[in-house]
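Okay, work37.txt is below, compact mmCIF, C-alpha atoms:
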# COMPACT_ATOMS: atom_id res chain seq x y z
CA MET A 8 15.72 -54.60 127.75
CA ASP A 9 19.46 -54.88 128.43
CA GLU A 10 21.99 -52.10 127.78
CA ILE A 11 23.32 -53.55 124.52
CA THR A 12 19.85 -53.98 123.01
CA HIS A 13 18.97 -50.42 124.01
CA LEU A 14 22.21 -49.05 122.54
CA ILE A 15 21.69 -50.94 119.28
CA GLU A 16 18.26 -49.33 119.02
CA LEU A 17 19.91 -45.92 119.53
CA VAL A 18 22.39 -46.76 116.76
CA ASP A 19 19.55 -47.66 114.39
CA GLN A 20 17.72 -44.45 115.25
CA PHE A 21 20.87 -42.39 114.64
CA ALA A 22 21.32 -44.01 111.22
CA LYS A 23 17.89 -42.70 110.19
CA THR A 24 18.63 -39.11 111.22
CA GLN A 25 20.80 -36.46 109.62
CA ASP A 26 22.76 -35.80 112.82
CA ASP A 27 26.55 -35.64 112.48
CA ASN A 28 27.34 -37.57 115.65
CA LEU A 29 25.93 -39.15 118.80
CA LEU A 30 27.58 -40.11 122.09
CA LEU A 31 26.02 -43.30 123.45
CA PRO A 32 25.10 -42.94 127.14
CA PHE A 33 26.80 -45.90 128.87
CA GLU A 34 30.40 -46.85 129.66
CA LEU A 35 31.06 -50.29 128.18
CA THR A 36 33.49 -53.17 128.50
CA ALA A 37 35.63 -54.24 125.54
CA LYS A 38 33.24 -57.14 124.82
CA GLN A 39 30.21 -54.84 124.90
CA ARG A 40 31.93 -52.28 122.67
CA ALA A 41 32.82 -55.00 120.17
CA ALA A 42 29.13 -55.90 119.81
CA ILE A 43 28.25 -52.27 119.07
CA HIS A 44 31.15 -51.76 116.64
CA ILE A 45 30.18 -54.92 114.71
CA HIS A 46 26.56 -53.74 114.45
CA VAL A 47 27.64 -50.26 113.30
CA GLY A 48 29.96 -51.83 110.73
CA ASN A 49 26.94 -53.34 108.97
CA ILE A 50 25.24 -49.96 108.53
CA PRO A 51 26.43 -47.90 105.51
CA GLY A 52 27.25 -44.24 106.07
CA ILE A 53 28.10 -44.29 109.79
CA TYR A 54 31.04 -45.41 111.88
CA SER A 55 31.89 -45.67 115.57
CA GLU A 56 34.85 -45.03 117.83
CA SER A 57 35.65 -45.85 121.45
CA ILE A 58 36.39 -42.88 123.69
CA SER A 59 38.34 -42.93 126.96
CA ILE A 60 36.97 -40.69 129.68
CA ASN A 61 39.29 -41.25 132.65
CA THR A 62 41.80 -43.95 131.53
CA SER A 63 39.37 -46.62 132.78
CA LYS A 64 39.04 -49.86 130.84
CA LEU A 65 35.38 -48.91 130.47
CA LYS A 66 34.80 -46.59 127.52
CA LEU A 67 32.05 -44.71 125.75
CA ILE A 68 31.16 -45.11 122.08
CA LYS A 69 30.64 -42.17 119.79
CA LEU A 70 28.82 -42.50 116.47
CA HIS A 71 29.72 -40.42 113.41
CA ARG A 72 28.18 -39.92 110.03
CA GLY A 73 30.58 -40.51 107.14
CA ASP A 74 33.28 -42.97 106.08
CA ALA A 75 35.71 -44.06 108.80
CA LYS A 76 38.39 -44.72 106.18
CA ASN A 77 38.63 -40.99 105.54
CA ILE A 78 38.98 -40.07 109.21
CA PRO A 79 42.43 -40.15 110.83
CA HIS A 80 42.57 -42.27 113.96
CA ILE A 81 42.65 -40.23 117.17
CA ILE A 82 45.00 -41.67 119.76
CA ASP A 83 43.47 -43.02 122.96
CA THR A 84 44.60 -44.85 126.08
CA ASP A 85 44.48 -48.24 124.33
CA ASP A 86 46.93 -46.98 121.72
CA ILE A 87 49.24 -45.65 124.42
CA ASP A 88 49.03 -48.92 126.36
CA ILE A 89 50.09 -50.89 123.26
CA PHE A 90 52.92 -48.45 122.60
CA THR A 91 54.15 -48.62 126.20
CA ILE A 92 54.12 -52.42 126.30
CA TYR A 93 55.77 -53.04 122.94
CA SER A 94 58.28 -50.17 123.02
CA GLY A 95 59.33 -50.81 126.63
CA ILE A 96 59.27 -47.05 127.26
CA PRO A 97 58.05 -46.39 130.84
CA ILE A 98 55.12 -44.03 130.29
CA PRO A 99 53.78 -43.32 133.81
CA CYS A 100 50.17 -42.65 132.76
CA PRO A 101 48.42 -43.57 129.46
CA HIS A 102 46.52 -40.29 129.19
CA PRO A 103 46.52 -38.70 125.71
CA LYS A 104 46.74 -35.26 127.30
CA TYR A 105 50.21 -35.98 128.74
CA ILE A 106 51.79 -38.39 126.29
CA ASN A 107 53.74 -35.83 124.24
CA SER A 108 55.31 -34.40 127.39
CA TYR A 109 56.35 -37.87 128.55
CA ILE A 110 57.80 -38.74 125.16
CA GLU A 111 59.89 -35.57 125.05
CA THR A 112 61.17 -36.00 128.61
CA LEU A 113 62.16 -39.66 128.17
CA ASP A 114 63.87 -39.19 124.81
CA PRO A 115 67.46 -38.87 126.15
CA LEU A 116 67.24 -42.36 127.67
CA TYR A 117 64.88 -44.19 125.31
CA ASN A 118 65.00 -42.49 121.89
CA SER A 119 61.28 -42.20 122.51
CA ILE A 120 60.56 -39.45 119.98
CA ARG A 121 61.64 -41.69 117.11
CA HIS A 122 59.68 -44.69 118.44
CA TRP A 123 56.57 -42.60 119.04
CA ASP A 124 56.67 -40.98 115.60
CA LEU A 125 57.04 -44.41 113.99
CA TYR A 126 54.15 -45.81 116.02
CA LYS A 127 51.85 -42.87 115.23
CA LYS A 128 52.62 -43.18 111.53
CA GLU A 129 51.86 -46.90 111.48
CA TYR A 130 48.69 -46.94 113.59
CA GLN A 131 46.90 -44.91 110.93
CA THR A 132 47.00 -47.98 108.68
CA ILE A 133 47.74 -50.93 111.01
CA ASN A 134 45.44 -52.48 113.61
CA PHE A 135 48.19 -53.39 116.06
CA ARG A 136 46.19 -55.84 118.15
CA SER A 137 45.13 -57.96 115.18
CA GLU A 138 48.53 -57.59 113.46
CA ILE A 139 50.39 -58.76 116.56
CA LYS A 140 48.02 -61.71 117.03
CA LYS A 141 48.39 -62.77 113.38
CA LEU A 142 52.15 -62.25 113.40
CA GLU A 143 52.61 -64.19 116.63
CA LYS A 144 50.84 -67.22 115.11
CA THR A 145 52.78 -67.01 111.82
CA ILE A 146 56.23 -66.73 113.38
CA LYS A 147 55.66 -69.42 115.99
CA GLU A 148 54.56 -71.84 113.28
CA ASP A 149 57.56 -70.94 111.12
CA ILE A 150 60.05 -71.53 113.94
CA LYS A 151 58.48 -74.74 115.24
CA LYS A 152 58.56 -76.45 111.84
CA ASN A 153 62.33 -75.93 111.48
CA GLU A 154 64.10 -79.30 111.83
CA SER A 155 67.14 -77.94 113.65
CA PHE A 156 64.86 -76.20 116.16
CA VAL A 157 63.01 -79.45 116.82
CA ARG A 158 66.29 -81.29 117.39
CA LEU A 159 67.54 -78.53 119.67
CA THR A 160 64.49 -78.63 121.92
CA ILE A 161 64.42 -82.43 122.32
CA HIS A 162 68.17 -82.71 122.97
CA ARG A 163 69.18 -83.02 126.62
CA HIS A 164 71.26 -80.04 127.76
CA THR A 165 73.27 -79.76 130.98
CA MET A 166 73.29 -76.60 133.08
CA PRO A 167 76.74 -75.54 134.37
CA THR A 168 76.96 -76.04 138.11
CA ASN A 169 79.59 -73.45 139.06
CA LEU A 170 77.34 -70.39 138.88
CA VAL A 171 78.24 -67.29 140.90
CA ASN A 172 75.23 -65.46 142.22
CA ASP A 173 76.50 -62.57 144.36
CA LYS A 174 74.28 -59.50 144.23
CA LEU A 175 75.58 -56.60 142.16
CA TYR A 176 73.06 -53.90 143.01
CA THR A 177 73.77 -53.31 146.71
CA TYR A 178 74.93 -50.39 148.82
CA ASP A 179 78.22 -52.21 149.44
CA ASN A 180 79.08 -51.93 145.74
CA LEU A 181 78.50 -48.19 145.42
CA GLY A 182 81.49 -46.41 143.94
CA LYS A 183 83.04 -49.61 142.64
CA VAL A 184 83.84 -50.25 138.98
CA PHE A 185 82.75 -53.38 137.13
CA ILE A 186 83.04 -55.07 133.75
CA SER A 187 79.98 -56.86 132.44
CA ILE A 188 79.86 -59.18 129.42
CA ASP A 189 76.38 -60.20 128.33
CA ILE A 190 74.74 -61.83 125.32
CA LYS A 191 72.94 -59.44 122.99
CA GLN A 192 69.28 -60.36 122.43
CA ALA A 193 70.06 -63.54 124.35
CA ASN A 194 67.19 -65.82 123.28
CA PHE A 195 67.50 -64.83 119.62
CA SER A 196 71.30 -65.05 119.63
CA VAL A 197 71.21 -68.56 121.09
CA LEU A 198 68.59 -69.72 118.61
CA ASN A 199 70.45 -68.15 115.70
CA TYR A 200 73.73 -69.72 116.86
CA LYS A 201 72.27 -73.20 117.29
CA CYS A 202 69.84 -73.13 114.33
CA PRO A 203 71.53 -71.06 111.59
CA THR A 204 69.14 -72.33 108.89
CA LEU A 205 66.20 -70.84 110.76
CA PHE A 206 67.07 -67.20 110.10
CA ASN A 207 69.60 -67.64 107.26
CA GLY A 208 71.78 -64.76 108.37
CA LEU A 209 68.93 -62.32 108.99
CA SER A 210 68.70 -60.21 112.12
CA TRP A 211 65.54 -60.61 114.19
CA GLN A 212 64.22 -57.32 112.84
CA GLU A 213 64.85 -58.43 109.25
CA TYR A 214 63.25 -61.81 109.91
CA VAL A 215 60.08 -60.31 111.39
CA GLY A 216 60.05 -57.80 108.53
CA LYS A 217 59.50 -60.69 106.12
CA HIS A 218 56.10 -61.25 107.73
CA THR A 219 54.86 -57.72 108.45
CA LYS A 220 55.02 -54.15 107.19
CA SER A 221 55.26 -52.85 110.76
CA GLN A 222 58.76 -51.66 111.56
CA PHE A 223 57.56 -50.82 115.07
CA ILE A 224 56.68 -54.47 115.81
CA ALA A 225 59.85 -55.73 114.12
CA GLU A 226 61.96 -53.53 116.43
CA SER A 227 60.04 -54.45 119.59
CA LYS A 228 62.07 -56.25 122.25
CA PHE A 229 58.86 -57.19 124.04
CA PHE A 230 57.47 -58.85 120.90
CA ARG A 231 60.72 -60.75 120.39
CA GLU A 232 60.71 -62.05 123.95
CA LEU A 233 56.98 -62.79 123.75
CA ILE A 234 57.57 -65.08 120.77
CA LEU A 235 60.79 -66.74 121.86
CA GLY A 236 59.56 -67.20 125.40
CA SER A 237 56.45 -69.11 124.34
CA ILE A 238 57.70 -71.73 121.85
CA GLY A 239 58.97 -74.29 124.36
CA PHE A 240 62.52 -72.97 124.06
CA GLN A 241 63.13 -70.90 127.19
CA LYS A 242 64.49 -73.66 129.44
CA VAL A 243 66.88 -74.83 126.70
CA SER A 244 67.88 -71.24 125.98
CA ASN A 245 68.67 -70.56 129.65
CA ILE A 246 71.01 -73.56 129.77
CA ILE A 247 72.79 -72.67 126.53
CA GLN A 248 73.20 -69.05 127.63
CA ALA A 249 74.88 -70.26 130.83
CA GLN A 250 77.12 -72.60 128.80
CA ILE A 251 78.17 -69.75 126.49
CA ILE A 252 78.90 -67.44 129.42
CA GLU A 253 80.94 -70.21 131.05
CA SER A 254 82.96 -70.51 127.83
CA ILE A 255 83.54 -66.76 127.75
CA HIS A 256 84.69 -66.80 131.38
CA SER A 257 87.18 -69.58 130.59
CA ILE A 258 88.53 -67.44 127.73
CA VAL A 259 88.82 -64.28 129.84
CA LYS A 260 90.27 -65.86 132.99
CA PRO A 261 93.81 -66.72 131.70
CA HIS A 262 94.32 -63.23 130.26
CA PHE A 263 92.82 -60.91 132.89
CA ASP A 264 93.04 -61.11 136.66
CA PHE A 265 89.51 -59.95 137.44
CA LYS A 266 87.52 -60.69 140.59
CA ILE A 267 84.30 -62.40 139.56
CA VAL A 268 81.13 -60.95 141.09
CA SER A 269 78.36 -62.72 139.21
CA LYS A 270 78.17 -65.47 136.59
CA LYS A 271 74.64 -66.54 135.79
CA GLY A 272 72.12 -66.43 132.97
CA ASP A 273 73.33 -64.41 129.99
CA GLU A 274 75.92 -62.31 131.86
CA VAL A 275 79.21 -62.43 133.72
CA VAL A 276 80.33 -59.48 135.88
CA TYR A 277 83.82 -58.75 137.22
CA GLU A 278 85.06 -56.13 139.67
CA ILE A 279 87.94 -53.91 138.56
CA THR A 280 90.56 -52.86 141.08
CA PRO A 281 91.44 -49.16 141.45
CA GLU A 282 94.99 -50.04 140.35
CA LEU A 283 93.82 -51.48 137.05
CA LEU A 284 91.47 -48.57 136.47
CA SER A 285 94.32 -46.07 136.95
CA ASP A 286 96.67 -48.02 134.66
CA PRO A 287 97.49 -45.85 131.58
CA THR A 288 96.98 -48.93 129.40
CA PHE A 289 93.53 -49.70 130.86
CA GLU A 290 91.52 -48.66 127.80
CA SER A 291 93.87 -50.58 125.54
CA LYS A 292 93.37 -53.68 127.69
CA ILE A 293 89.60 -53.35 127.47
CA ASN A 294 89.82 -52.99 123.70
CA ASP A 295 91.93 -56.16 123.65
CA LEU A 296 89.38 -57.96 125.82
CA TYR A 297 86.52 -57.02 123.51
CA ALA A 298 88.51 -58.13 120.48
CA LEU A 299 89.27 -61.43 122.23
CA ILE A 300 85.66 -62.34 123.04
CA SER A 301 84.50 -61.16 119.60
CA SER A 302 87.02 -63.41 117.82
CA GLN A 303 85.70 -66.65 119.30
CA GLN A 304 83.24 -69.03 117.66
CA PHE A 305 80.31 -66.99 118.95
CA GLY A 306 81.16 -63.94 116.84
CA LYS A 307 79.93 -60.48 117.79
CA MET A 308 77.30 -61.84 120.16
CA PHE A 309 78.29 -59.82 123.23
CA HIS A 310 77.98 -56.45 124.87
CA LEU A 311 80.95 -55.39 126.97
CA GLN A 312 80.55 -52.51 129.40
CA VAL A 313 82.77 -50.97 132.05
CA PHE A 314 80.75 -48.97 134.55
CA LYS A 315 80.82 -47.30 137.93
CA LEU A 316 77.86 -48.04 140.20
CA GLU A 317 76.13 -45.12 141.90
CA ASN A 318 72.75 -44.57 143.50
CA MET A 319 70.24 -41.74 143.82
CA GLU A 320 69.40 -39.86 147.00
CA LYS A 321 70.31 -42.74 149.33
CA LYS A 322 67.59 -44.88 147.74
CA ALA A 323 68.03 -48.36 146.29
CA PHE A 324 67.81 -46.73 142.85
CA TYR A 325 71.04 -47.46 140.99
CA VAL A 326 72.83 -45.82 138.08
CA LYS A 327 75.41 -47.53 135.89
CA LYS A 328 77.75 -44.80 134.60
CA PHE A 329 79.61 -46.20 131.60
CA ILE A 330 83.36 -45.75 131.36
CA TRP A 331 83.60 -47.99 128.29
CA ASN A 332 80.65 -49.24 126.25
CA SER A 333 80.79 -51.56 123.23
CA ASN A 334 77.61 -49.85 122.01
CA ASN A 335 79.52 -46.58 121.90
CA ILE A 336 83.19 -47.30 121.18
CA GLY A 337 85.10 -44.05 121.08
CA SER A 338 82.16 -42.22 122.72
CA ILE A 339 80.92 -41.07 119.32
CA HIS A 340 77.32 -41.02 120.57
CA LYS A 341 76.57 -38.19 122.97
CA GLU A 342 72.98 -39.16 123.87
CA LEU A 343 72.49 -39.96 127.55
CA ARG A 344 71.32 -43.54 126.84
CA TYR A 345 74.84 -44.44 125.70
CA HIS A 346 76.37 -43.16 128.95
CA ILE A 347 74.10 -44.28 131.80
CA GLU A 348 71.54 -46.95 132.62
CA PHE A 349 69.05 -46.96 135.48
CA LYS A 350 68.67 -50.18 137.47
CA CYS A 351 66.21 -51.28 140.17
CA ILE A 352 64.02 -48.21 139.65
CA PRO A 353 60.29 -48.98 139.29
CA LYS A 354 59.09 -47.95 135.84
CA LYS A 355 56.52 -45.56 137.27
CA PHE A 356 59.35 -43.55 138.87
CA ILE A 357 61.87 -43.52 136.01
CA ILE A 358 60.65 -40.24 134.55
CA GLN A 359 61.09 -38.61 137.98
CA ALA A 360 64.50 -40.24 138.38
CA LEU A 361 65.61 -38.87 135.02
CA HIS A 362 64.66 -35.33 136.04
CA LYS A 363 66.48 -35.80 139.34
CA TYR A 364 69.60 -37.09 137.59
CA LEU A 365 69.57 -34.12 135.19
CA ASN A 366 68.81 -31.69 138.05
CA GLN A 367 65.54 -30.65 136.40
CA PRO A 368 62.21 -29.83 138.06
CA ILE A 369 59.56 -32.54 137.93
CA LYS A 370 56.48 -31.56 135.92
CA ASN A 371 53.00 -31.72 137.38
CA GLU A 372 51.80 -34.31 134.82
CA GLU A 373 54.62 -36.67 135.79
CA LEU A 374 52.96 -37.27 139.17
CA TYR A 375 49.90 -38.90 137.58
CA PHE A 376 49.36 -42.65 137.47
CA VAL A 377 46.47 -45.09 137.00
CA ASP A 378 45.15 -47.15 139.91
CA ASP A 379 42.42 -49.73 139.15
CA GLY A 380 41.46 -47.81 136.04
CA VAL A 381 41.19 -44.47 137.83
CA LEU A 382 43.48 -41.51 137.24
CA ALA A 383 45.37 -40.67 140.45
CA LYS A 384 48.23 -38.41 141.46
CA TYR A 385 51.13 -38.58 143.90
CA GLU A 386 51.09 -35.77 146.43
CA TYR A 387 54.89 -35.49 146.39
CA PRO A 388 57.63 -36.46 143.93
CA ILE A 389 59.36 -39.66 145.05
CA PHE A 390 62.55 -37.78 145.99
CA GLU A 391 60.66 -35.32 148.17
CA TYR A 392 58.37 -37.83 149.89
CA SER A 393 57.98 -37.51 153.63
CA LEU A 394 55.86 -39.49 156.10
CA ASP A 395 55.43 -36.32 158.13
CA ILE A 396 52.01 -35.23 156.84
CA GLY A 397 52.29 -32.05 158.83
CA GLN A 398 55.02 -30.72 156.56

Let me see whether you can do it: turn the structure in this file into structure tokens.
Amino acid sequence: MDEITHLIELVDQFAKTQDDNLLLPFELTAKQRAAIHIHVGNIPGIYSESISINTSKLKLIKLHRGDAKNIPHIIDTDDIDIFTIYSGIPIPCPHPKYINSYIETLDPLYNSIRHWDLYKKEYQTINFRSEIKKLEKTIKEDIKKNESFVRLTIHRHTMPTNLVNDKLYTYDNLGKVFISIDIKQANFSVLNYKCPTLFNGLSWQEYVGKHTKSQFIAESKFFRELILGSIGFQKVSNIIQAQIIESIHSIVKPHFDFKIVSKKGDEVVYEITPELLSDPTFESKINDLYALISSQQFGKMFHLQVFKLENMEKKAFYVKKFIWNSNNIGSIHKELRYHIEFKCIPKKFIIQALHKYLNQPIKNEELYFVDDGVLAKYEYPIFEYSLDIGQ
């Protein structure tokens, strides 16, 4: 008798008892759990749930007597994994015990409390895995049947040849000030610009909202890039992004004597001289530059940021400190995410980097991570690490 057959017998025996619950004795794969859940679903008066023991992909199943519809869903590692992927928030370890601490710590950079509250509210009524799968199919079909999209993808596009590919995030650039101009939501902006009948003036969030009740999915950058990166459009989009950035550079060049550092993909970056930065009219000139690029045929498609590049503790962990930010004109927003951005920091270390930047102690739970499905822990914070094991 195999494990599944034995467990199904245990389920049938439980259904005949008056016991309130039963924990089945084996850790199971997702496929094995699905077989048990389907069997339980055909038995009136009981329901089942998967339970994570140690963040492994293997899970136990617990049986309950009653109606699952009346029982609030208890968050588990699968829920946290989905949240982490689709929110883009770098949760270091998907353990339910630590999630609230992570969410609170990361809020200054990621607005994570709002995203987490929205997600928790929706997962009580939405099966995210099935909703995402259904939504992905619906939106792909809707986009691919649009005539202007079809014409766009079969048309031959030419990539600009005069790209500039100098590295920005290097030790040599520490302390320097740069201007970056990049395309907001680049794939969507290009598609919306080239195929206006596809979205009919709707934002991406509004467009997705036509097909789902989930605001969390509609706001997800990962979901947007998942869709737009898998409809046979990415190569065309990359070329058009480069063409748009080339056009913006040709607009900027006659008006501002900037040294170009990088011009590729959806972004162009210039270095600002100390003389220009100290000019009393500097902010006025940046305002004029933003007005100039926003008045062209592309509309308000661009971010413009002026930033100083710093690093952390002599590591190749970089911080962009914004001097001027089109997302925060007039510095009306005081939240940290409008004033800095971390670059080249592995996601698993961002929560430690944030504490370091704010001169705060690192919490014990922030040293945990998952390795091959097993909960593990760093012995030292990344900024205190030493190869001298005798210390």

Quick one: which region 222-282 of chain A residues come within 10 Å of region 175-182 of chain A, and what is the nearest atom pair for each with the distance in Å to one decimal, counting only C-alpha atoms, rows ordered by chain and ascending number, as JSON lines?
{"residue": "A:Val268", "atom": "CA", "partner": "A:Leu175", "partner_atom": "CA", "distance": 7.1}
{"residue": "A:Ser269", "atom": "CA", "partner": "A:Leu175", "partner_atom": "CA", "distance": 7.3}
{"residue": "A:Val276", "atom": "CA", "partner": "A:Leu175", "partner_atom": "CA", "distance": 8.4}
{"residue": "A:Tyr277", "atom": "CA", "partner": "A:Leu175", "partner_atom": "CA", "distance": 9.8}
{"residue": "A:Glu278", "atom": "CA", "partner": "A:Asn180", "partner_atom": "CA", "distance": 9.5}

Write a file of the selected residues as a tab-separated table (two decimals), in the coordinates of the input, keeping C-alpha atoms.
chain	number	residue	atom	x	y	z
A	268	VAL	CA	81.13	-60.95	141.09
A	269	SER	CA	78.36	-62.72	139.21
A	276	VAL	CA	80.33	-59.48	135.88
A	277	TYR	CA	83.82	-58.75	137.22
A	278	GLU	CA	85.06	-56.13	139.67

- prompt: Which residue, A:Ile146, A:Ile330, A:Leu299, A:Ile293, has the smallest gap to Ser237 (chain A) when you use all atoms listed in the file?
  reply: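 Under the stated criterion, the closest residue is A:Ile146.
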
- request: Please determine the residues with any atom at most 12 Å from (49.5, -61.1, 118.4) (coordinates as given in the file, with all atoms listed in the file counting) and report them as number ranges by chain.
  value: A: 89, 93, 134-147, 219, 224, 229-231, 233-234

Among the residues A:Trp211, A:Tyr54, A:Phe309, A:Phe223, the one that comes closest to Thr91 (chain A) [using only C-alpha atoms]: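 Among the listed residues, A:Phe223 lies closest to Thr91 (chain A).
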
task: Pick out the residues sitting within 8 Å of region 127-129 of chain A, and hand them over as a ChimeraX atom specification; count only C-alpha atoms, and ignore anything fewer than 4 positions along from it in its own chain.
output: /A:123,133,221,223

message: Using only C-alpha atoms, can you tell me which of A:Asp19, A:Gly272, A:Tyr387, A:Leu116 comes closest to Tyr364 (chain A)?
response: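 That would be A:Leu116, the residue with the smallest distance to Tyr364 (chain A).
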